[in-house]
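Working notes, beginning with the structure itself.
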Amino acid sequence: MDVTETDRRLLAGIADGLPLVERPYRRVGDDLGLSEAEVIARLRALIGAGMVRRLGIVVRHHELGYRANAMAVWDVPDDRIQEAGRLLAAEPDVTLCYRRDRRPPEWPYNLFAMVHGRCRRLVQMRVAQLSDLPSLAGLPNAVLFSRRRFKQRGARYAPLAEVA
Amino acid sequence: MDGLDRAIINALQGGFPISERPFADAASELGIDQTELIGRLSRLVDDGVLSRFGPLFNAERMGGAATLAAMSVPKADFDRVAAIVNARPEVAHNYERNHRLNMWFVLTTDCAEATAPVVQAIEAETGLSVLVMPKIAEYRLDLRLEA
């Protein structure tokens with residue numbers, strides 16, 4: 001689908017969150033000069049087309065009690081990586097799983113997964129378990145824990161600048 | 001957080017109704033009224049448990065780009081470099097991690113072509129090189145965790 005100028009304004013209008021009022025879509029529409037029905041129809045279309053992955057709660061994992069958050073990485077042969085990625089993606093404590101370019105020699109890994117747990121020891125054990133999955137067993141891997149978070153804004157919709 | 005907060009978080013990470021009275025609809029699924037739901041969501045946002053109550057965009061499908069980047073920053077230089085990187089509006093988040101590559105951040109731009117100039121600017125300003133690791137395939141991105 002084509003994203004219209006109205007869609008861009010709508011997405012920019014809700015980027016920071018929906019108003020916590022009885023009829024949030026009417027409120028959003030009032031601010032943008034759109035009817036409630038238009039807002040509802042456009043949002044449904046944008047979700048249907050996958051432009052918006054979902055609407056609702058986006059948690060901060062640390063504040064939710066997941067104090068250890070690791071970026072686990074593996075160097076997976078290209079012909080096994082899709083299977084490995086799908087296996088990791090099915091795990092409940094994996095929130096992100098991507099294949100990325102390697103950058104040898106500094107960075108030989110191509111499969112990335114964010115693994116969350118209550119403490120580091122627990123996450124280390126989970127990554128060890130995950131490393132035993134059939135398509136990951138025996139492969140070079142590393143676990144990078146976060147020491148400090150400097151900045152975290154949501155993965156915002158990039159083209160906001162066009163409507164600012 | 002009590003059991004109801006957790007039930008709300010678990011339910012509304014999976015989606016939120018797009019209807020005239022979505023809070024009333026979601027509240028009835030949870031067996032509470034909308035005033036209570038709205039009140040609890042406001043508190044969870046204020047307390048910082050929720051990053052936001054709103055959309056999770058698919059920036060790439062909208063033409064945007066998100067790229068992971070890493071730097072190896074000398075300890076003594078870390079705060080200076082972090083300040084430079086964090087000041088860029090394209091940087092969505094930035095973490096210190098326990099690896100020789102010790103600074104990891106995500107760059108979001110309006111299009112893939114806009115990534116390189118941002119990387120070059122960071123390299124010029126910090127005097128350090130930036131390793132960029134573009135995404136080739138996505139197996140999961142939903143940011144959902146059980147409360």
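In the structure tokens, the first chain shown is A, the next is B, and so on; residue numbers restart at 1 for each chain, and ligands run from 1 in the order shown.
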Helix (DSSP H, G or I) residues, from DSSP on the backbone, in segment 5-159 of chain A, as an MDAnalysis selection string:
chainID A and resid 5:14 24:32 36:48 81:89 120:130 158:159
If you keep N, CA and C atoms, can you produce a file of those selected residues as a short mmCIF file (atom, residue, chain, number, x, y, z; two decimals), in the first residue's frame?
data_model
loop_
_atom_site.label_atom_id
_atom_site.label_comp_id
_atom_site.auth_asym_id
_atom_site.auth_seq_id
_atom_site.Cartn_x
_atom_site.Cartn_y
_atom_site.Cartn_z
N GLU A 5 0.10 11.20 2.76
CA GLU A 5 0.50 12.29 3.65
C GLU A 5 -0.34 12.26 4.93
N THR A 6 -1.61 11.90 4.79
CA THR A 6 -2.47 11.78 5.98
C THR A 6 -1.97 10.69 6.92
N ASP A 7 -1.55 9.55 6.33
CA ASP A 7 -1.00 8.48 7.16
C ASP A 7 0.22 8.96 7.93
N ARG A 8 1.07 9.70 7.24
CA ARG A 8 2.29 10.17 7.91
C ARG A 8 1.95 11.09 9.07
N ARG A 9 0.97 11.95 8.86
CA ARG A 9 0.57 12.84 9.95
C ARG A 9 -0.03 12.03 11.11
N LEU A 10 -0.81 11.02 10.73
CA LEU A 10 -1.43 10.17 11.75
C LEU A 10 -0.37 9.43 12.57
N LEU A 11 0.61 8.86 11.88
CA LEU A 11 1.66 8.10 12.57
C LEU A 11 2.50 9.02 13.46
N ALA A 12 2.77 10.21 12.94
CA ALA A 12 3.52 11.17 13.77
C ALA A 12 2.70 11.55 14.99
N GLY A 13 1.38 11.65 14.82
CA GLY A 13 0.51 12.06 15.91
C GLY A 13 0.42 11.04 17.04
N ILE A 14 0.65 9.76 16.72
CA ILE A 14 0.55 8.74 17.77
C ILE A 14 1.91 8.17 18.16
N PRO A 24 -9.75 7.41 22.42
CA PRO A 24 -8.43 7.92 22.00
C PRO A 24 -8.37 8.26 20.51
N TYR A 25 -9.05 7.51 19.69
CA TYR A 25 -8.94 7.75 18.24
C TYR A 25 -9.69 9.02 17.84
N ARG A 26 -10.75 9.32 18.59
CA ARG A 26 -11.42 10.60 18.33
C ARG A 26 -10.51 11.76 18.74
N ARG A 27 -9.83 11.62 19.87
CA ARG A 27 -8.91 12.66 20.32
C ARG A 27 -7.78 12.87 19.31
N VAL A 28 -7.21 11.77 18.82
CA VAL A 28 -6.14 11.87 17.83
C VAL A 28 -6.67 12.59 16.59
N GLY A 29 -7.87 12.22 16.16
CA GLY A 29 -8.48 12.84 14.98
C GLY A 29 -8.73 14.33 15.18
N ASP A 30 -9.21 14.69 16.37
CA ASP A 30 -9.47 16.11 16.66
C ASP A 30 -8.20 16.94 16.46
N ASP A 31 -7.07 16.37 16.90
CA ASP A 31 -5.81 17.11 16.80
C ASP A 31 -5.32 17.24 15.36
N LEU A 32 -5.78 16.32 14.50
CA LEU A 32 -5.26 16.28 13.13
C LEU A 32 -6.29 16.72 12.10
N GLU A 36 -13.04 10.41 13.72
CA GLU A 36 -12.70 9.18 14.43
C GLU A 36 -12.74 7.99 13.47
N ALA A 37 -13.73 7.97 12.59
CA ALA A 37 -13.86 6.83 11.66
C ALA A 37 -12.67 6.76 10.71
N GLU A 38 -12.19 7.94 10.27
CA GLU A 38 -11.02 7.95 9.38
C GLU A 38 -9.79 7.42 10.10
N VAL A 39 -9.59 7.86 11.34
CA VAL A 39 -8.43 7.40 12.12
C VAL A 39 -8.48 5.89 12.27
N ILE A 40 -9.65 5.38 12.62
CA ILE A 40 -9.79 3.93 12.83
C ILE A 40 -9.53 3.18 11.52
N ALA A 41 -10.08 3.67 10.44
CA ALA A 41 -9.91 2.98 9.15
C ALA A 41 -8.44 2.99 8.72
N ARG A 42 -7.77 4.15 8.87
CA ARG A 42 -6.37 4.24 8.43
C ARG A 42 -5.47 3.38 9.31
N LEU A 43 -5.71 3.38 10.62
CA LEU A 43 -4.87 2.55 11.50
C LEU A 43 -5.05 1.07 11.18
N ARG A 44 -6.28 0.66 10.94
CA ARG A 44 -6.50 -0.75 10.58
C ARG A 44 -5.74 -1.09 9.30
N ALA A 45 -5.79 -0.18 8.34
CA ALA A 45 -5.10 -0.44 7.07
C ALA A 45 -3.58 -0.50 7.28
N LEU A 46 -3.05 0.39 8.11
CA LEU A 46 -1.60 0.43 8.33
C LEU A 46 -1.12 -0.82 9.06
N ILE A 47 -1.95 -1.32 9.98
CA ILE A 47 -1.57 -2.57 10.66
C ILE A 47 -1.71 -3.75 9.70
N GLY A 48 -2.79 -3.73 8.92
CA GLY A 48 -3.01 -4.80 7.95
C GLY A 48 -1.87 -4.92 6.96
N ILE A 81 21.46 -20.81 8.73
CA ILE A 81 21.10 -19.68 9.58
C ILE A 81 19.59 -19.46 9.66
N GLN A 82 18.88 -19.74 8.60
CA GLN A 82 17.44 -19.52 8.64
C GLN A 82 16.77 -20.44 9.66
N GLU A 83 17.17 -21.68 9.64
CA GLU A 83 16.64 -22.64 10.61
C GLU A 83 16.99 -22.21 12.04
N ALA A 84 18.24 -21.81 12.23
CA ALA A 84 18.68 -21.39 13.56
C ALA A 84 17.89 -20.17 14.03
N GLY A 85 17.70 -19.21 13.13
CA GLY A 85 16.96 -18.00 13.47
C GLY A 85 15.53 -18.30 13.87
N ARG A 86 14.91 -19.21 13.14
CA ARG A 86 13.52 -19.55 13.46
C ARG A 86 13.40 -20.26 14.79
N LEU A 87 14.37 -21.12 15.11
CA LEU A 87 14.36 -21.81 16.40
C LEU A 87 14.50 -20.79 17.54
N LEU A 88 15.45 -19.87 17.41
CA LEU A 88 15.65 -18.87 18.46
C LEU A 88 14.42 -17.99 18.61
N ALA A 89 13.81 -17.63 17.50
CA ALA A 89 12.66 -16.71 17.53
C ALA A 89 11.49 -17.31 18.28
N ARG A 120 22.21 -12.20 35.50
CA ARG A 120 23.18 -12.60 34.48
C ARG A 120 23.42 -14.10 34.43
N ARG A 121 23.51 -14.68 35.62
CA ARG A 121 23.79 -16.12 35.67
C ARG A 121 22.70 -16.90 34.93
N LEU A 122 21.45 -16.49 35.16
CA LEU A 122 20.31 -17.14 34.51
C LEU A 122 20.41 -16.99 32.99
N VAL A 123 20.76 -15.79 32.55
CA VAL A 123 20.84 -15.55 31.11
C VAL A 123 22.01 -16.35 30.50
N GLN A 124 23.13 -16.42 31.25
CA GLN A 124 24.25 -17.22 30.74
C GLN A 124 23.84 -18.68 30.57
N MET A 125 23.09 -19.19 31.54
CA MET A 125 22.64 -20.59 31.42
C MET A 125 21.67 -20.76 30.26
N ARG A 126 20.81 -19.75 30.06
CA ARG A 126 19.86 -19.84 28.94
C ARG A 126 20.59 -19.81 27.60
N VAL A 127 21.61 -18.95 27.50
CA VAL A 127 22.34 -18.89 26.23
C VAL A 127 23.07 -20.21 25.99
N ALA A 128 23.59 -20.80 27.08
CA ALA A 128 24.24 -22.11 26.93
C ALA A 128 23.24 -23.15 26.43
N GLN A 129 22.02 -23.09 26.97
CA GLN A 129 20.95 -23.99 26.49
C GLN A 129 20.65 -23.76 25.02
N LEU A 130 20.50 -22.48 24.67
CA LEU A 130 20.17 -22.15 23.28
C LEU A 130 21.28 -22.61 22.35
N ALA A 158 10.72 6.61 11.33
CA ALA A 158 11.79 7.49 10.89
C ALA A 158 11.32 8.78 10.21
N PRO A 159 10.39 8.71 9.24
CA PRO A 159 10.11 9.93 8.46
C PRO A 159 9.35 11.03 9.20
#
For segment 138-152 of chain A, work out the shell of residues within 10 Å, counting only C-alpha atoms and skipping chain neighbours fewer than 4 positions away, then give it as a ChimeraX atom specification.
/A:60,67-77,108-115,120,123-124,127-128,131-134 /B:51,82-83,85-87,91-99,101-106
Which residues are near Pro134 of chain B? Cut-off 8 Å, only C-alpha atoms, ignore same chain within fewer than 5 positions. Put them as a ChimeraX atom specification.
/A:100-101 /B:66-68
So what do you get for atom CA of Leu37 of chain B versus atom CA of Ala24 of chain B, distance-wise?
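The value is 8.4 Å.
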For chain B against chain A, with a cut-off of 7 Å and counting only C-alpha atoms, what is the closest atom pair and its distance in Å to one decimal for every residue that makes the cut, ordered by chain and number, as JSON lines?
{"residue": "B:Ile9", "atom": "CA", "partner": "A:Ile57", "partner_atom": "CA", "distance": 6.7}
{"residue": "B:Leu12", "atom": "CA", "partner": "A:Ile57", "partner_atom": "CA", "distance": 5.4}
{"residue": "B:Gln13", "atom": "CA", "partner": "A:Ile57", "partner_atom": "CA", "distance": 4.8}
{"residue": "B:Gly15", "atom": "CA", "partner": "A:Gly56", "partner_atom": "CA", "distance": 5.3}
{"residue": "B:Phe16", "atom": "CA", "partner": "A:Gly56", "partner_atom": "CA", "distance": 5.0}
{"residue": "B:Ile18", "atom": "CA", "partner": "A:Ile40", "partner_atom": "CA", "distance": 6.1}
{"residue": "B:Ser19", "atom": "CA", "partner": "A:Ile40", "partner_atom": "CA", "distance": 6.7}
{"residue": "B:Glu20", "atom": "CA", "partner": "A:Arg23", "partner_atom": "CA", "distance": 5.9}
{"residue": "B:Arg21", "atom": "CA", "partner": "A:Arg23", "partner_atom": "CA", "distance": 5.3}
{"residue": "B:Phe23", "atom": "CA", "partner": "A:Glu22", "partner_atom": "CA", "distance": 6.3}
{"residue": "B:Ile38", "atom": "CA", "partner": "A:Leu20", "partner_atom": "CA", "distance": 6.0}
{"residue": "B:Gly48", "atom": "CA", "partner": "A:Glu63", "partner_atom": "CA", "distance": 6.9}
{"residue": "B:Val49", "atom": "CA", "partner": "A:Glu63", "partner_atom": "CA", "distance": 5.1}
{"residue": "B:Leu50", "atom": "CA", "partner": "A:Val59", "partner_atom": "CA", "distance": 4.3}
{"residue": "B:Ser51", "atom": "CA", "partner": "A:Val59", "partner_atom": "CA", "distance": 5.2}
{"residue": "B:Arg52", "atom": "CA", "partner": "A:Val58", "partner_atom": "CA", "distance": 5.5}
{"residue": "B:Phe53", "atom": "CA", "partner": "A:Ile57", "partner_atom": "CA", "distance": 4.8}
{"residue": "B:Gly54", "atom": "CA", "partner": "A:Gly17", "partner_atom": "CA", "distance": 4.1}
{"residue": "B:Pro55", "atom": "CA", "partner": "A:Leu55", "partner_atom": "CA", "distance": 4.3}
{"residue": "B:Leu56", "atom": "CA", "partner": "A:Arg54", "partner_atom": "CA", "distance": 5.4}
{"residue": "B:Phe57", "atom": "CA", "partner": "A:Val52", "partner_atom": "CA", "distance": 4.4}
{"residue": "B:Asn58", "atom": "CA", "partner": "A:Met51", "partner_atom": "CA", "distance": 5.1}
{"residue": "B:Ala59", "atom": "CA", "partner": "A:Tyr157", "partner_atom": "CA", "distance": 5.5}
{"residue": "B:Arg61", "atom": "CA", "partner": "A:Met51", "partner_atom": "CA", "distance": 5.7}
{"residue": "B:Met62", "atom": "CA", "partner": "A:Met51", "partner_atom": "CA", "distance": 6.1}
{"residue": "B:Gly64", "atom": "CA", "partner": "A:Ala158", "partner_atom": "CA", "distance": 5.6}
{"residue": "B:Asn86", "atom": "CA", "partner": "A:Lys151", "partner_atom": "CA", "distance": 6.7}
{"residue": "B:Ala92", "atom": "CA", "partner": "A:Arg153", "partner_atom": "CA", "distance": 5.5}
{"residue": "B:His93", "atom": "CA", "partner": "A:Gln152", "partner_atom": "CA", "distance": 4.3}
{"residue": "B:Asn94", "atom": "CA", "partner": "A:Lys151", "partner_atom": "CA", "distance": 5.3}
{"residue": "B:Tyr95", "atom": "CA", "partner": "A:Arg149", "partner_atom": "CA", "distance": 4.6}
{"residue": "B:Glu96", "atom": "CA", "partner": "A:Arg148", "partner_atom": "CA", "distance": 5.1}
{"residue": "B:Arg97", "atom": "CA", "partner": "A:Ser146", "partner_atom": "CA", "distance": 4.5}
{"residue": "B:Asn98", "atom": "CA", "partner": "A:Leu144", "partner_atom": "CA", "distance": 5.6}
{"residue": "B:His99", "atom": "CA", "partner": "A:Leu144", "partner_atom": "CA", "distance": 6.4}
{"residue": "B:Thr108", "atom": "CA", "partner": "A:Ala158", "partner_atom": "CA", "distance": 6.3}
{"residue": "B:Thr109", "atom": "CA", "partner": "A:Ala158", "partner_atom": "CA", "distance": 5.6}
{"residue": "B:Asp110", "atom": "CA", "partner": "A:Ala158", "partner_atom": "CA", "distance": 5.0}
{"residue": "B:Met133", "atom": "CA", "partner": "A:Asp101", "partner_atom": "CA", "distance": 5.2}
{"residue": "B:Pro134", "atom": "CA", "partner": "A:Arg100", "partner_atom": "CA", "distance": 5.5}
{"residue": "B:Lys135", "atom": "CA", "partner": "A:Arg100", "partner_atom": "CA", "distance": 4.4}
{"residue": "B:Ile136", "atom": "CA", "partner": "A:Arg100", "partner_atom": "CA", "distance": 5.1}
{"residue": "B:Ala137", "atom": "CA", "partner": "A:Arg99", "partner_atom": "CA", "distance": 4.9}
{"residue": "B:Glu138", "atom": "CA", "partner": "A:Tyr98", "partner_atom": "CA", "distance": 4.6}
{"residue": "B:Tyr139", "atom": "CA", "partner": "A:Cys97", "partner_atom": "CA", "distance": 5.2}
{"residue": "B:Arg140", "atom": "CA", "partner": "A:Cys97", "partner_atom": "CA", "distance": 4.9}
{"residue": "B:Leu141", "atom": "CA", "partner": "A:Leu96", "partner_atom": "CA", "distance": 4.6}
{"residue": "B:Asp142", "atom": "CA", "partner": "A:Thr95", "partner_atom": "CA", "distance": 6.0}
{"residue": "B:Leu143", "atom": "CA", "partner": "A:Thr95", "partner_atom": "CA", "distance": 4.8}
{"residue": "B:Arg144", "atom": "CA", "partner": "A:Thr95", "partner_atom": "CA", "distance": 6.0}
{"residue": "B:Leu145", "atom": "CA", "partner": "A:Asp93", "partner_atom": "CA", "distance": 6.6}
{"residue": "B:Ala147", "atom": "CA", "partner": "A:Leu64", "partner_atom": "CA", "distance": 6.5}
Filtering to C-alpha atoms, could you give me those residues as a short mmCIF file (atom, residue, chain, number, x, y, z; two decimals), in the first residue's frame?
data_model
loop_
_atom_site.label_atom_id
_atom_site.label_comp_id
_atom_site.auth_asym_id
_atom_site.auth_seq_id
_atom_site.Cartn_x
_atom_site.Cartn_y
_atom_site.Cartn_z
CA ILE B 9 0.84 -5.91 30.49
CA LEU B 12 -1.89 -5.51 25.87
CA GLN B 13 1.51 -6.47 24.50
CA GLY B 15 -2.51 -5.85 20.65
CA PHE B 16 -5.01 -3.14 21.46
CA ILE B 18 -9.03 -0.28 17.18
CA SER B 19 -12.60 0.65 17.96
CA GLU B 20 -14.54 3.66 19.22
CA ARG B 21 -14.07 2.68 22.88
CA PHE B 23 -10.23 0.88 26.60
CA ILE B 38 -6.79 3.82 32.05
CA GLY B 48 8.57 4.03 33.42
CA VAL B 49 7.57 0.36 33.25
CA LEU B 50 6.16 1.03 29.80
CA SER B 51 8.34 2.57 27.14
CA ARG B 52 5.07 3.80 25.71
CA PHE B 53 1.47 2.92 25.14
CA GLY B 54 1.18 3.20 21.41
CA PRO B 55 2.48 1.87 18.12
CA LEU B 56 5.40 -0.36 17.28
CA PHE B 57 6.31 0.82 13.80
CA ASN B 58 7.91 -1.14 11.03
CA ALA B 59 10.32 1.57 9.92
CA ARG B 61 8.35 -1.10 5.50
CA MET B 62 7.77 2.64 5.58
CA GLY B 64 13.10 3.93 6.71
CA ASN B 86 23.86 10.20 21.95
CA ALA B 92 17.61 5.32 18.90
CA HIS B 93 19.50 3.66 21.73
CA ASN B 94 23.03 3.17 22.87
CA TYR B 95 24.49 0.60 25.26
CA GLU B 96 27.87 -0.05 26.80
CA ARG B 97 28.63 -3.78 26.50
CA ASN B 98 31.32 -6.07 27.87
CA HIS B 99 33.34 -6.73 24.71
CA THR B 108 17.37 4.99 12.38
CA THR B 109 17.17 7.07 9.24
CA ASP B 110 14.50 7.98 6.70
CA MET B 133 26.11 -4.37 10.65
CA PRO B 134 23.08 -4.08 8.40
CA LYS B 135 20.19 -6.44 8.90
CA ILE B 136 19.87 -9.20 6.31
CA ALA B 137 16.89 -11.08 7.74
CA GLU B 138 14.52 -10.64 10.64
CA TYR B 139 13.29 -13.68 12.54
CA ARG B 140 11.63 -11.90 15.40
CA LEU B 141 10.97 -8.34 16.51
CA ASP B 142 8.06 -7.97 18.85
CA LEU B 143 9.68 -6.75 22.07
CA ARG B 144 7.22 -8.84 24.06
CA LEU B 145 8.15 -10.19 27.48
CA ALA B 147 5.35 -9.66 33.08
#
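Interatomic distance, atom CA of Ile32 of chain B to atom CA of Val45 of chain B: 18.9 Å.
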For atom CA of Leu128 of chain B and atom CA of Ala69 of chain B, quote the distance in Å rounded to one decimal.
12.4 Å
Looking at only C-alpha atoms, which of B:Cys111, B:Ala65, B:Ala124, B:Ala11 is the one that sits closest to Glu29 of chain B?
B:Ala11
I need the residues in segment 98-135 of chain A that are strand (DSSP E) according to DSSP; give them as a PyMOL selection string.
chain A and resi 98-100+111-117
Near Gly127 of chain B, counting only C-alpha atoms, which residues have an atom at most 12 Å away, once you skip same-chain residues fewer than 4 positions from it, shown as an mmCIF file with C-alpha atoms, in the first residue's frame?
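That gives us part21.cif:
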data_model
loop_
_atom_site.group_PDB
_atom_site.id
_atom_site.type_symbol
_atom_site.label_atom_id
_atom_site.label_comp_id
_atom_site.auth_asym_id
_atom_site.auth_seq_id
_atom_site.Cartn_x
_atom_site.Cartn_y
_atom_site.Cartn_z
ATOM 1 C CA MET B 71 32.634 0.975 18.200
ATOM 2 C CA SER B 72 35.681 0.045 20.189
ATOM 3 C CA VAL B 73 36.117 3.004 22.530
ATOM 4 C CA PRO B 74 39.089 3.473 24.895
ATOM 5 C CA ASP B 77 37.442 8.375 26.092
ATOM 6 C CA ARG B 80 33.187 11.952 25.397
ATOM 7 C CA VAL B 81 32.322 9.501 22.613
ATOM 8 C CA ILE B 84 28.765 12.662 20.663
ATOM 9 C CA VAL B 119 28.337 7.112 10.307
ATOM 10 C CA GLN B 120 30.954 9.298 8.619
ATOM 11 C CA ALA B 121 29.993 12.259 10.785
ATOM 12 C CA ILE B 122 30.327 10.171 13.960
ATOM 13 C CA GLU B 123 33.704 8.849 12.789
#
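In this comparison, which uses only C-alpha atoms, the residue of A:Pro104, A:Ser35, A:Asp78, A:Leu136 approaching Val132 of chain B most closely is A:Pro104.
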